[in-house]
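Undergrad: What follows is data02.pdb, made up of PDB, C-alpha atoms:
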```pdb
ATOM      1  CA  LEU A  13      11.654  -8.742  22.338
ATOM      2  CA  ARG A  14      15.114  -8.579  20.812
ATOM      3  CA  HIS A  15      15.892 -12.011  22.216
ATOM      4  CA  GLY A  16      12.521 -13.604  21.545
ATOM      5  CA  VAL A  17      11.331 -13.056  25.122
ATOM      6  CA  VAL A  18       7.760 -11.828  25.444
ATOM      7  CA  PRO A  19       7.332  -9.358  28.322
ATOM      8  CA  SER A  20       4.714 -10.323  30.868
ATOM      9  CA  THR A  21       2.795  -7.133  30.107
ATOM     10  CA  CYS A  22       2.457  -8.211  26.474
ATOM     11  CA  ARG A  23       1.372 -11.708  27.447
ATOM     12  CA  SER A  24      -1.201 -10.225  29.776
ATOM     13  CA  PHE A  25      -2.460  -7.975  26.984
ATOM     14  CA  MET A  26      -2.707 -10.871  24.567
ATOM     15  CA  GLY A  27      -4.614 -12.891  27.106
ATOM     16  CA  SER A  28      -7.068 -10.055  27.654
ATOM     17  CA  MET A  29      -7.641  -9.910  23.899
ATOM     18  CA  GLY A  30      -8.440 -13.625  23.832
ATOM     19  CA  MET A  31      -5.348 -14.577  21.848
ATOM     20  CA  GLY A  32      -3.108 -16.190  24.419
ATOM     21  CA  THR A  33       0.377 -15.916  22.929
ATOM     22  CA  ARG A  34      -0.301 -17.315  19.465
ATOM     23  CA  ILE A  35       1.290 -14.367  17.725
ATOM     24  CA  PHE A  36       4.493 -14.895  19.672
ATOM     25  CA  ASP A  37       4.553 -18.661  19.340
ATOM     26  CA  ASN A  38       3.669 -18.672  15.640
ATOM     27  CA  GLY A  39       7.014 -17.819  14.098
ATOM     28  CA  ILE A  40       6.674 -14.083  14.596
ATOM     29  CA  CYS A  41       8.794 -13.968  17.718
ATOM     30  CA  SER A  42      12.130 -15.774  18.197
ATOM     31  CA  GLY A  43      13.968 -12.847  16.688
ATOM     32  CA  GLY A  44      11.296 -12.250  14.043
ATOM     33  CA  LEU A  45       8.757 -10.141  15.940
ATOM     34  CA  LEU A  46      10.897  -7.022  15.957
ATOM     35  CA  SER A  47      11.578  -7.244  12.226
ATOM     36  CA  TRP A  48       7.856  -7.822  11.604
ATOM     37  CA  ILE A  49       6.967  -4.749  13.684
ATOM     38  CA  ARG A  50       9.583  -2.635  11.938
ATOM     39  CA  SER A  51       8.453  -3.735   8.506
ATOM     40  CA  PHE A  52       4.793  -3.349   9.390
ATOM     41  CA  SER A  53       5.201   0.136  10.803
ATOM     42  CA  ARG A  54       7.288   1.355   7.887
ATOM     43  CA  THR A  55       4.863   0.038   5.299
ATOM     44  CA  THR A  56       1.953   1.786   6.983
ATOM     45  CA  SER A  57       3.548   5.075   8.000
ATOM     46  CA  SER A  58       6.432   7.294   7.024
ATOM     47  CA  SER A  59       7.705   9.914   9.394
ATOM     48  CA  SER A  60       8.442  13.441   8.293
ATOM     49  CA  SER A  61      11.364  15.511   9.472
ATOM     50  CA  LEU A  62       9.616  18.738   8.465
ATOM     51  CA  PRO A  63       6.887  20.396  10.518
ATOM     52  CA  LEU A  64       3.452  20.284   8.949
ATOM     53  CA  GLU A  65       3.305  24.017   8.317
ATOM     54  CA  SER A  66       6.533  23.955   6.282
ATOM     55  CA  GLN A  67       5.241  21.366   3.830
ATOM     56  CA  SER A  68       3.211  21.991   0.677
ATOM     57  CA  VAL A  69       0.209  19.698   0.980
ATOM     58  CA  ALA A  70      -2.932  19.540  -1.125
ATOM     59  CA  SER A  71      -6.194  19.638   0.794
ATOM     60  CA  SER A  72      -8.417  16.569   0.870
ATOM     61  CA  ALA A  73     -11.985  16.021   2.002
ATOM     62  CA  SER A  74     -11.427  12.348   2.788
ATOM     63  CA  VAL A  75      -7.891  12.171   4.219
ATOM     64  CA  ASP A  76      -6.663  13.737   7.457
ATOM     65  CA  VAL A  77      -3.657  15.723   6.233
ATOM     66  CA  SER A  78      -2.410  16.162   9.803
ATOM     67  CA  ASN A  79      -1.727  12.428   9.964
ATOM     68  CA  ALA A  80       2.051  12.032   9.729
ATOM     69  CA  SER A  81       1.687   8.779   7.827
ATOM     70  CA  ILE A  82       0.815  10.516   4.574
ATOM     71  CA  PHE A  83       4.011  12.552   4.394
ATOM     72  CA  ALA A  84       7.099  11.328   2.663
ATOM     73  CA  GLU A  85      10.636  10.715   3.708
ATOM     74  CA  PRO A  86      12.840  13.422   2.171
ATOM     75  CA  GLY A  87      14.415  12.983  -1.247
ATOM     76  CA  ASP A  88      16.251   9.794  -2.045
ATOM     77  CA  ALA A  89      15.286   8.160   1.264
ATOM     78  CA  TRP A  90      12.376   6.679  -0.641
ATOM     79  CA  TRP A  91      14.753   4.811  -2.931
ATOM     80  CA  ASP A  92      17.285   3.510  -0.401
ATOM     81  CA  PRO A  93      16.553  -0.228   0.062
ATOM     82  CA  ALA A  94      18.735  -0.244   3.164
ATOM     83  CA  GLY A  95      17.068   2.806   4.693
ATOM     84  CA  ALA A  96      13.811   3.605   6.409
ATOM     85  CA  MET A  97      11.761   2.658   3.360
ATOM     86  CA  GLY A  98      13.509  -0.685   2.907
ATOM     87  CA  PRO A  99      10.441  -2.702   3.953
ATOM     88  CA  LEU A 100       8.447  -1.094   1.137
ATOM     89  CA  HIS A 101      11.105  -2.288  -1.312
ATOM     90  CA  ALA A 102      10.856  -5.751   0.240
ATOM     91  CA  MET A 103       7.077  -5.757  -0.153
ATOM     92  CA  GLY A 104       7.232  -4.442  -3.729
ATOM     93  CA  PRO A 105       7.705  -7.733  -5.609
ATOM     94  CA  LEU A 106       4.778  -9.277  -3.724
ATOM     95  CA  ARG A 107       2.474  -6.386  -4.587
ATOM     96  CA  ASN A 108       3.586  -6.378  -8.221
ATOM     97  CA  THR A 109       3.033 -10.112  -8.561
ATOM     98  CA  PHE A 110      -0.417  -9.898  -7.008
ATOM     99  CA  ILE A 111      -1.455  -7.079  -9.332
ATOM    100  CA  VAL A 112      -0.191  -8.773 -12.492
ATOM    101  CA  SER A 113      -1.595 -12.184 -11.589
ATOM    102  CA  SER A 114      -4.943 -10.676 -10.614
ATOM    103  CA  LEU A 115      -5.223  -8.797 -13.880
ATOM    104  CA  SER A 116      -4.049 -11.674 -16.045
ATOM    105  CA  GLY A 117      -7.417 -13.381 -16.007
ATOM    106  CA  PHE A 118      -9.217 -10.274 -17.197
ATOM    107  CA  ILE A 119      -6.846  -8.293 -19.403
ATOM    108  CA  ARG A 120      -4.935  -9.177 -22.554
ATOM    109  CA  ASP A 121      -6.162 -12.784 -22.436
ATOM    110  CA  ALA A 122      -5.617 -13.286 -26.143
ATOM    111  CA  GLN A 123      -2.287 -11.496 -26.327
ATOM    112  CA  THR A 124       1.221 -12.596 -25.516
ATOM    113  CA  PRO A 125       3.106 -10.412 -23.011
ATOM    114  CA  VAL A 126       5.586  -8.181 -24.814
ATOM    115  CA  GLU A 127       9.303  -8.211 -24.114
ATOM    116  CA  ASN A 128      11.475  -5.133 -24.228
ATOM    117  CA  GLU A 129      14.995  -4.916 -25.554
ATOM    118  CA  ASN A 130      16.432  -6.270 -22.298
ATOM    119  CA  GLY A 131      14.245  -9.346 -22.373
ATOM    120  CA  ARG A 132      11.964  -8.177 -19.567
ATOM    121  CA  MET A 133       8.320  -9.087 -19.751
ATOM    122  CA  ARG A 134       5.832  -6.215 -20.005
ATOM    123  CA  PRO A 135       2.444  -7.817 -19.313
ATOM    124  CA  LEU A 136       0.780  -4.455 -18.633
ATOM    125  CA  LEU A 137       1.739  -2.912 -21.963
ATOM    126  CA  GLY A 138      -1.004  -0.651 -23.245
ATOM    127  CA  LEU A 139      -2.805  -0.326 -19.915
ATOM    128  CA  SER A 140      -3.333   2.947 -18.071
ATOM    129  CA  HIS A 141      -2.648   2.993 -14.323
ATOM    130  CA  VAL A 142      -2.978   5.529 -11.515
ATOM    131  CA  ASP A 143      -1.647   5.073  -7.979
ATOM    132  CA  VAL A 144      -3.348   7.248  -5.352
ATOM    133  CA  GLY A 145      -1.092   7.982  -2.393
ATOM    134  CA  CYS A 146       1.963   7.067  -4.452
ATOM    135  CA  GLY A 147       4.650   8.235  -2.029
ATOM    136  CA  GLY A 148       8.053   8.255  -3.701
ATOM    137  CA  GLY A 149       6.774   6.330  -6.709
ATOM    138  CA  LEU A 150       7.907   2.774  -5.987
ATOM    139  CA  LEU A 151       4.753   1.147  -7.334
ATOM    140  CA  VAL A 152       4.339   3.712 -10.114
ATOM    141  CA  GLU A 153       7.775   2.992 -11.560
ATOM    142  CA  ALA A 154       7.274  -0.753 -11.177
ATOM    143  CA  MET A 155       4.027  -0.620 -13.135
ATOM    144  CA  ALA A 156       5.699   1.518 -15.818
ATOM    145  CA  ARG A 157       8.498  -1.037 -16.174
ATOM    146  CA  LEU A 158       5.820  -3.691 -16.647
ATOM    147  CA  GLY A 159       4.476  -1.668 -19.553
ATOM    148  CA  ALA A 160       1.666   0.413 -18.056
ATOM    149  CA  LYS A 161       1.251   4.112 -18.712
ATOM    150  CA  SER A 162       1.458   5.041 -15.067
ATOM    151  CA  VAL A 163       0.459   8.148 -13.097
ATOM    152  CA  GLY A 164       1.239   8.781  -9.434
ATOM    153  CA  VAL A 165      -0.857  11.042  -7.212
ATOM    154  CA  ASP A 166       0.040  12.314  -3.763
ATOM    155  CA  LEU A 167      -0.991  15.132  -1.449
ATOM    156  CA  ALA A 168       2.562  16.176  -0.530
ATOM    157  CA  GLN A 169       4.621  18.270  -2.945
ATOM    158  CA  ARG A 170       8.006  17.063  -1.766
ATOM    159  CA  THR A 171       6.893  13.459  -2.131
ATOM    160  CA  VAL A 172       6.012  14.099  -5.749
ATOM    161  CA  ASP A 173       9.275  15.998  -6.259
ATOM    162  CA  ALA A 174      11.237  12.985  -4.972
ATOM    163  CA  ALA A 175       9.297  10.653  -7.259
ATOM    164  CA  LYS A 176       9.820  12.852 -10.305
ATOM    165  CA  ALA A 177      13.539  13.210  -9.593
ATOM    166  CA  HIS A 178      14.049   9.457  -9.386
ATOM    167  CA  ALA A 179      12.000   8.699 -12.491
ATOM    168  CA  SER A 180      13.958  11.270 -14.491
ATOM    169  CA  ARG A 181      17.103   9.211 -13.950
ATOM    170  CA  ASP A 182      15.592   6.007 -15.346
ATOM    171  CA  ALA A 183      17.226   5.686 -18.763
ATOM    172  CA  GLU A 184      15.283   2.556 -19.684
ATOM    173  CA  LEU A 185      11.870   4.139 -19.170
ATOM    174  CA  ALA A 186      13.012   7.330 -20.867
ATOM    175  CA  SER A 187      14.245   5.432 -23.911
ATOM    176  CA  ARG A 188      10.817   3.821 -24.263
ATOM    177  CA  GLY A 189       9.023   7.126 -23.798
ATOM    178  CA  ASN A 190       7.221   5.695 -20.799
ATOM    179  CA  LEU A 191       8.338   7.875 -17.896
ATOM    180  CA  PRO A 192       5.656   8.040 -15.190
ATOM    181  CA  GLU A 193       3.677  11.207 -14.640
ATOM    182  CA  TYR A 194       3.098  12.676 -11.178
ATOM    183  CA  VAL A 195       0.406  14.979  -9.848
ATOM    184  CA  VAL A 196       0.027  16.814  -6.532
ATOM    185  CA  SER A 197      -3.675  16.426  -5.868
ATOM    186  CA  SER A 198      -6.364  14.899  -3.727
ATOM    187  CA  VAL A 199      -8.276  11.987  -5.198
ATOM    188  CA  GLU A 200     -11.448  14.079  -5.078
ATOM    189  CA  ALA A 201      -9.952  16.818  -7.246
ATOM    190  CA  LEU A 202      -8.380  14.325  -9.633
ATOM    191  CA  SER A 203     -11.601  12.388 -10.142
ATOM    192  CA  ALA A 204     -13.417  15.652 -10.919
ATOM    193  CA  ASP A 205     -10.895  16.449 -13.662
ATOM    194  CA  ALA A 206     -12.137  15.329 -17.083
ATOM    195  CA  ALA A 207      -8.565  14.473 -18.072
ATOM    196  CA  HIS A 208      -8.492  11.746 -15.402
ATOM    197  CA  ALA A 209     -12.082  10.747 -14.635
ATOM    198  CA  GLY A 210     -12.903   7.320 -16.034
ATOM    199  CA  GLN A 211      -9.567   7.072 -17.834
ATOM    200  CA  TYR A 212      -7.705   4.266 -16.054
ATOM    201  CA  ASP A 213      -7.678   0.518 -16.562
ATOM    202  CA  VAL A 214      -6.084   0.005 -13.148
ATOM    203  CA  VAL A 215      -6.467   2.149 -10.018
ATOM    204  CA  THR A 216      -4.310   1.323  -6.994
ATOM    205  CA  SER A 217      -4.156   2.757  -3.490
ATOM    206  CA  LEU A 218      -1.913   0.844  -1.119
ATOM    207  CA  GLU A 219      -1.708   1.384   2.648
ATOM    208  CA  VAL A 220      -3.949   4.459   2.411
ATOM    209  CA  VAL A 221      -7.467   3.337   3.358
ATOM    210  CA  GLU A 222      -6.545   3.084   7.055
ATOM    211  CA  HIS A 223      -5.768   6.817   7.090
ATOM    212  CA  VAL A 224      -9.006   7.908   5.454
ATOM    213  CA  THR A 225     -11.621   9.828   7.446
ATOM    214  CA  ASP A 226     -14.363   9.671   4.802
ATOM    215  CA  ARG A 227     -14.067   6.134   3.496
ATOM    216  CA  HIS A 228     -17.152   6.271   1.285
ATOM    217  CA  GLY A 229     -16.082   9.513  -0.369
ATOM    218  CA  PHE A 230     -12.524   8.297  -0.873
ATOM    219  CA  LEU A 231     -13.590   5.022  -2.461
ATOM    220  CA  LYS A 232     -16.189   6.746  -4.617
ATOM    221  CA  SER A 233     -13.474   9.042  -5.977
ATOM    222  CA  LEU A 234     -11.178   6.074  -6.625
ATOM    223  CA  GLY A 235     -13.946   4.373  -8.553
ATOM    224  CA  ALA A 236     -14.554   7.519 -10.600
ATOM    225  CA  LEU A 237     -10.972   7.273 -11.921
ATOM    226  CA  ALA A 238     -11.484   3.749 -13.289
ATOM    227  CA  LYS A 239     -12.904   2.992 -16.702
ATOM    228  CA  PRO A 240     -16.623   2.274 -16.292
ATOM    229  CA  LYS A 241     -17.610  -1.405 -16.392
ATOM    230  CA  GLN A 242     -14.075  -2.546 -17.197
ATOM    231  CA  GLY A 243     -11.699  -0.950 -14.715
ATOM    232  CA  HIS A 244      -9.807  -2.653 -11.907
ATOM    233  CA  ILE A 245      -9.113  -1.403  -8.387
ATOM    234  CA  VAL A 246      -6.410  -2.811  -6.102
ATOM    235  CA  LEU A 247      -6.309  -1.839  -2.424
ATOM    236  CA  SER A 248      -4.111  -2.954   0.446
ATOM    237  CA  THR A 249      -4.663  -2.080   4.075
ATOM    238  CA  ILE A 250      -4.688  -3.419   7.645
ATOM    239  CA  ASN A 251      -7.287  -5.650   9.241
ATOM    240  CA  ARG A 252      -8.809  -4.660  12.571
ATOM    241  CA  THR A 253      -7.948  -7.658  14.730
ATOM    242  CA  PRO A 254      -6.276  -8.332  18.074
ATOM    243  CA  ARG A 255      -3.142  -9.339  16.182
ATOM    244  CA  SER A 256      -2.956  -6.091  14.228
ATOM    245  CA  TYR A 257      -3.487  -4.185  17.478
ATOM    246  CA  ALA A 258      -0.647  -6.117  19.077
ATOM    247  CA  ILE A 259       1.729  -5.421  16.186
ATOM    248  CA  ALA A 260       0.772  -1.902  15.092
ATOM    249  CA  ILE A 261      -0.238  -0.314  18.373
ATOM    250  CA  VAL A 262       1.322  -2.253  21.258
ATOM    251  CA  GLY A 263       4.414  -3.513  19.466
ATOM    252  CA  ALA A 264       5.361  -0.665  17.129
ATOM    253  CA  GLU A 265       4.242   2.283  19.249
ATOM    254  CA  HIS A 266       4.409   1.256  22.914
ATOM    255  CA  VAL A 267       6.974  -1.553  23.143
ATOM    256  CA  ALA A 268       9.518  -1.142  20.364
ATOM    257  CA  ARG A 269       8.892   2.634  20.058
ATOM    258  CA  ILE A 270       9.568   2.450  16.337
ATOM    259  CA  VAL A 271       6.875   4.987  15.510
ATOM    260  CA  PRO A 272       5.360   7.729  17.687
ATOM    261  CA  VAL A 273       2.434   6.850  19.908
ATOM    262  CA  GLY A 274      -0.741   7.746  18.066
ATOM    263  CA  THR A 275       0.623   7.060  14.570
ATOM    264  CA  HIS A 276      -2.020   4.388  14.011
ATOM    265  CA  SER A 277      -5.671   4.402  14.966
ATOM    266  CA  TRP A 278      -6.941   0.859  15.438
ATOM    267  CA  ASP A 279     -10.505   2.085  14.960
ATOM    268  CA  GLN A 280      -9.609   3.093  11.396
ATOM    269  CA  PHE A 281      -8.258  -0.336  10.496
ATOM    270  CA  VAL A 282     -10.620  -2.105   8.099
ATOM    271  CA  THR A 283     -11.732  -5.724   8.068
ATOM    272  CA  PRO A 284     -11.925  -7.474   4.673
ATOM    273  CA  ASP A 285     -15.714  -7.697   4.936
ATOM    274  CA  GLU A 286     -15.980  -4.017   5.742
ATOM    275  CA  LEU A 287     -13.709  -3.073   2.861
ATOM    276  CA  THR A 288     -15.625  -5.237   0.408
ATOM    277  CA  GLU A 289     -18.958  -3.823   1.523
ATOM    278  CA  ALA A 290     -17.628  -0.252   1.416
ATOM    279  CA  VAL A 291     -16.164  -0.630  -2.086
ATOM    280  CA  CYS A 292     -19.308  -2.232  -3.486
ATOM    281  CA  ASP A 293     -21.462   0.434  -1.859
ATOM    282  CA  ALA A 294     -19.362   3.372  -3.060
ATOM    283  CA  ILE A 295     -18.512   2.171  -6.567
ATOM    284  CA  PRO A 296     -21.324   1.056  -8.901
ATOM    285  CA  GLY A 297     -20.659  -2.366 -10.424
ATOM    286  CA  ALA A 298     -17.696  -3.173  -8.170
ATOM    287  CA  ARG A 299     -17.153  -6.854  -7.375
ATOM    288  CA  LEU A 300     -14.489  -8.541  -5.260
ATOM    289  CA  ALA A 301     -12.310 -10.709  -7.496
ATOM    290  CA  SER A 302      -9.486 -11.698  -5.134
ATOM    291  CA  LEU A 303      -8.340 -11.020  -1.571
ATOM    292  CA  LYS A 304      -5.147 -12.331   0.020
ATOM    293  CA  GLY A 305      -3.165 -11.814   3.189
ATOM    294  CA  MET A 306       0.409 -10.520   3.222
ATOM    295  CA  TRP A 307       2.933 -11.391   5.885
ATOM    296  CA  LEU A 308       6.637 -11.074   6.505
ATOM    297  CA  ASN A 309       8.198 -14.536   6.775
ATOM    298  CA  PRO A 310      10.793 -13.992   9.536
ATOM    299  CA  LEU A 311      12.814 -17.022   8.480
ATOM    300  CA  ARG A 312      13.181 -15.937   4.857
ATOM    301  CA  GLY A 313      13.012 -12.202   5.500
ATOM    302  CA  MET A 314      10.535 -11.899   2.638
ATOM    303  CA  TRP A 315       6.928 -10.817   2.285
ATOM    304  CA  GLU A 316       4.659 -13.623   1.122
ATOM    305  CA  ILE A 317       1.066 -14.091   0.018
ATOM    306  CA  THR A 318      -0.989 -16.039   2.539
ATOM    307  CA  SER A 319      -4.585 -16.960   3.268
ATOM    308  CA  ASP A 320      -4.139 -15.334   6.690
ATOM    309  CA  THR A 321      -5.610 -11.814   6.474
ATOM    310  CA  ALA A 322      -5.358 -11.020  10.186
ATOM    311  CA  VAL A 323      -2.918  -8.128   9.692
ATOM    312  CA  ASN A 324      -1.972  -6.942   6.184
ATOM    313  CA  TYR A 325      -4.078  -7.840   3.157
ATOM    314  CA  ILE A 326      -4.523  -6.855  -0.477
ATOM    315  CA  ALA A 327      -7.692  -6.989  -2.566
ATOM    316  CA  HIS A 328      -8.598  -6.770  -6.260
ATOM    317  CA  PHE A 329     -11.979  -5.444  -7.371
ATOM    318  CA  THR A 330     -13.409  -5.395 -10.877
ATOM    319  CA  LEU A 331     -15.998  -3.001 -12.301
ATOM    320  CA  GLN A 332     -18.785  -4.690 -14.225
TER     321      GLN A 332
END
```
Would you write out, as structure tokens, the structure that this file holds?

TA:
Amino acid sequence: LRHGVVPSTCRSFMGSMGMGTRIFDNGICSGGLLSWIRSFSRTTSSSSSLPLESQSVASSASVDVSNASIFAEPGDAWWDPAGAMGPLHAMGPLRNTFIVSSLSGFIRDAQTPVENENGRMRPLLGLSHVDVGCGGGLLVEAMARLGAKSVGVDLAQRTVDAAKAHASRDAELASRGNLPEYVVSSVEALSADAAHAGQYDVVTSLEVVEHVTDRHGFLKSLGALAKPKQGHIVLSTINRTPRSYAIAIVGAEHVARIVPVGTHSWDQFVTPDELTEAVCDAIPGARLASLKGMWLNPLRGMWEITSDTAVNYIAHFTLQ
């Protein structure tokens, strides 16, 4: 794999899945497959160096808290672009752009985006945002810098502690009085809290749905956080396809050994049609507004929006 050579066992597997070797001959190999697998695995799971019993974790009816993917890297590891969470930093601009561009057709149509004192655009100024499964706060801080009043929610206490610590050092956000808020909570408990239920213009939950055991309950709780008939929900997850199996299960777990065997469950991956149906079933008035694929271009080393949703994808739903 490191030299662009596909082992015969992998080729045999791909053939049995009816794919031949398209994934390897389509710009993902030739030195790029390993980086794709690394980036994929680190954007869908984060290993924990602490045993489960030593961590403070909120209970959840819809998420399996024993799944290692929901626990954070310790401390500043979340904010080291060259470290284990580097691929999340690389994916960040793509996610931010998708969110802003998706919202632009619905929100603040008649208003000009506001600039701050450093000349940065703040197109989300005045909007309320909550990110469920926020990790170390990468998306939360990004949305705050774009003007949103942003709240991050996570099950793990030390994840929230890391996010709070980093945000406290952001002089620009502090000077504007727009530091993010963080809460240790399940989405079920948060959506039952009158201070949060129906309060948010934008609800995001990225790379979380594939770890949910009660998808309907989880999505229903997400919807309960959004403002009725005007809120927006953005989700990103992994498609259930032969290609995602090859990358997430065979490649990341069994071949490259980047993540422990069993980190991902292919059965919990969600097709775009399944996600759309589940969201519309769980959340009254929800409608799919946009859905795009995300892939790591191995030649540019950058995540890009694509029409190919075979592995990673991101979707925007509106409430009407």

Undergrad: Just so the selection is clear, what residues does the PyMOL selection byres ((chain A and resi 292) around 12) cover here, as JSON, numbers by chain?

TA: {"A": [228, 231, 232, 235, 245, 285, 286, 287, 288, 289, 290, 291, 293, 294, 295, 296, 297, 298, 299, 300, 301, 328, 329, 330, 331, 332]}

Undergrad: Name the residues in contact with Val221 (chain A) at a cut-off of 8 Å, using only C-alpha atoms, excluding same-chain residues fewer than 2 positions from it; report them as a ChimeraX atom specification.

TA: /A:217-219,223-224,227,247-249,282

Undergrad: Would you put the residues from that selection into a file with C-alpha atoms, as a PDB file, in the frame of the given file?

TA:
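Writing the result to out_20.pdb gives the following:
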```
ATOM      1  CA  SER A 217      -4.156   2.757  -3.490  1.00  0.00           C
ATOM      2  CA  LEU A 218      -1.913   0.844  -1.119  1.00  0.00           C
ATOM      3  CA  GLU A 219      -1.708   1.384   2.648  1.00  0.00           C
ATOM      4  CA  HIS A 223      -5.768   6.817   7.090  1.00  0.00           C
ATOM      5  CA  VAL A 224      -9.006   7.908   5.454  1.00  0.00           C
ATOM      6  CA  ARG A 227     -14.067   6.134   3.496  1.00  0.00           C
ATOM      7  CA  LEU A 247      -6.309  -1.839  -2.424  1.00  0.00           C
ATOM      8  CA  SER A 248      -4.111  -2.954   0.446  1.00  0.00           C
ATOM      9  CA  THR A 249      -4.663  -2.080   4.075  1.00  0.00           C
ATOM     10  CA  VAL A 282     -10.620  -2.105   8.099  1.00  0.00           C
TER      11      VAL A 282
END
```

Undergrad: To one decimal place, how far is CA of Thr216 (chain A) from CA of Lys239 (chain A) in Å?

TA: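 We find that CA of Thr216 (chain A) and CA of Lys239 (chain A) lie 13.1 Å from each other.
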
Undergrad: Exactly which residues make up the result of the PyMOL selection byres ((chain A and resi 195-201) around 10) on this file, given as number ranges by chain?

TA: A: 68-75, 143-146, 163-173, 176, 193-194, 202-205, 208-209, 229-234, 236-237

Undergrad: Could you write out that same residue set with C-alpha atoms as a PDB file, in the coordinates of the input?

TA:
```pdb
ATOM      1  CA  SER A  68       3.211  21.991   0.677  1.00  0.00           C
ATOM      2  CA  VAL A  69       0.209  19.698   0.980  1.00  0.00           C
ATOM      3  CA  ALA A  70      -2.932  19.540  -1.125  1.00  0.00           C
ATOM      4  CA  SER A  71      -6.194  19.638   0.794  1.00  0.00           C
ATOM      5  CA  SER A  72      -8.417  16.569   0.870  1.00  0.00           C
ATOM      6  CA  ALA A  73     -11.985  16.021   2.002  1.00  0.00           C
ATOM      7  CA  SER A  74     -11.427  12.348   2.788  1.00  0.00           C
ATOM      8  CA  VAL A  75      -7.891  12.171   4.219  1.00  0.00           C
ATOM      9  CA  ASP A 143      -1.647   5.073  -7.979  1.00  0.00           C
ATOM     10  CA  VAL A 144      -3.348   7.248  -5.352  1.00  0.00           C
ATOM     11  CA  GLY A 145      -1.092   7.982  -2.393  1.00  0.00           C
ATOM     12  CA  CYS A 146       1.963   7.067  -4.452  1.00  0.00           C
ATOM     13  CA  VAL A 163       0.459   8.148 -13.097  1.00  0.00           C
ATOM     14  CA  GLY A 164       1.239   8.781  -9.434  1.00  0.00           C
ATOM     15  CA  VAL A 165      -0.857  11.042  -7.212  1.00  0.00           C
ATOM     16  CA  ASP A 166       0.040  12.314  -3.763  1.00  0.00           C
ATOM     17  CA  LEU A 167      -0.991  15.132  -1.449  1.00  0.00           C
ATOM     18  CA  ALA A 168       2.562  16.176  -0.530  1.00  0.00           C
ATOM     19  CA  GLN A 169       4.621  18.270  -2.945  1.00  0.00           C
ATOM     20  CA  ARG A 170       8.006  17.063  -1.766  1.00  0.00           C
ATOM     21  CA  THR A 171       6.893  13.459  -2.131  1.00  0.00           C
ATOM     22  CA  VAL A 172       6.012  14.099  -5.749  1.00  0.00           C
ATOM     23  CA  ASP A 173       9.275  15.998  -6.259  1.00  0.00           C
ATOM     24  CA  LYS A 176       9.820  12.852 -10.305  1.00  0.00           C
ATOM     25  CA  GLU A 193       3.677  11.207 -14.640  1.00  0.00           C
ATOM     26  CA  TYR A 194       3.098  12.676 -11.178  1.00  0.00           C
ATOM     27  CA  LEU A 202      -8.380  14.325  -9.633  1.00  0.00           C
ATOM     28  CA  SER A 203     -11.601  12.388 -10.142  1.00  0.00           C
ATOM     29  CA  ALA A 204     -13.417  15.652 -10.919  1.00  0.00           C
ATOM     30  CA  ASP A 205     -10.895  16.449 -13.662  1.00  0.00           C
ATOM     31  CA  HIS A 208      -8.492  11.746 -15.402  1.00  0.00           C
ATOM     32  CA  ALA A 209     -12.082  10.747 -14.635  1.00  0.00           C
ATOM     33  CA  GLY A 229     -16.082   9.513  -0.369  1.00  0.00           C
ATOM     34  CA  PHE A 230     -12.524   8.297  -0.873  1.00  0.00           C
ATOM     35  CA  LEU A 231     -13.590   5.022  -2.461  1.00  0.00           C
ATOM     36  CA  LYS A 232     -16.189   6.746  -4.617  1.00  0.00           C
ATOM     37  CA  SER A 233     -13.474   9.042  -5.977  1.00  0.00           C
ATOM     38  CA  LEU A 234     -11.178   6.074  -6.625  1.00  0.00           C
ATOM     39  CA  ALA A 236     -14.554   7.519 -10.600  1.00  0.00           C
ATOM     40  CA  LEU A 237     -10.972   7.273 -11.921  1.00  0.00           C
TER      41      LEU A 237
END
```

Undergrad: How would you write, as a list of chain:residue names, the residues chosen by the PyMOL selection byres ((chain A and resi 319) around 10) on this structure?

TA: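 This file gives the following for the PyMOL selection byres ((chain A and resi 319) around 10): A:Leu303, A:Lys304, A:Gly305, A:Met306, A:Trp307, A:Ile317, A:Thr318, A:Asp320, A:Thr321, A:Ala322, A:Tyr325.
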
Undergrad: When you draw a straight line from CA of Ser162 (chain A) to CA of Asp213 (chain A), how long is it in Å?

TA: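 Distance between the two atoms: 10.3 Å.
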
Undergrad: At what distance in Å, to one decimal, does CA of Val246 (chain A) lie from CA of Pro284 (chain A)?

TA: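 Between CA of Pro284 (chain A) and CA of Val246 (chain A) the gap works out to 13.0 Å.
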
Undergrad: For Ile119 (chain A), which residue among A:Ala175, A:Leu139, A:Val262, A:Ile326 is the nearest when counting only C-alpha atoms?

TA: A:Leu139

Undergrad: Need the axis-aligned box for region 241-254 of chain A with 4 Å each side, so what are the centre and edges in Å to one decimal, as AutoDock Vina command-line options?

TA:
```
--center_x -10.9 --center_y -4.6 --center_z 0.4 --size_x 21.5 --size_y 15.4 --size_z 43.3
```

Undergrad: Could you give me, as a list of chain:residue names, the residues within 9 Å of Glu222 (chain A), counting all atoms listed in the file and dropping anything in the same chain fewer than 5 positions from it?

TA: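 Returned residues: A:Thr56, A:Arg227, A:Thr249, A:Ile250, A:His276, A:Ser277, A:Trp278, A:Asp279, A:Gln280, A:Phe281, A:Val282.
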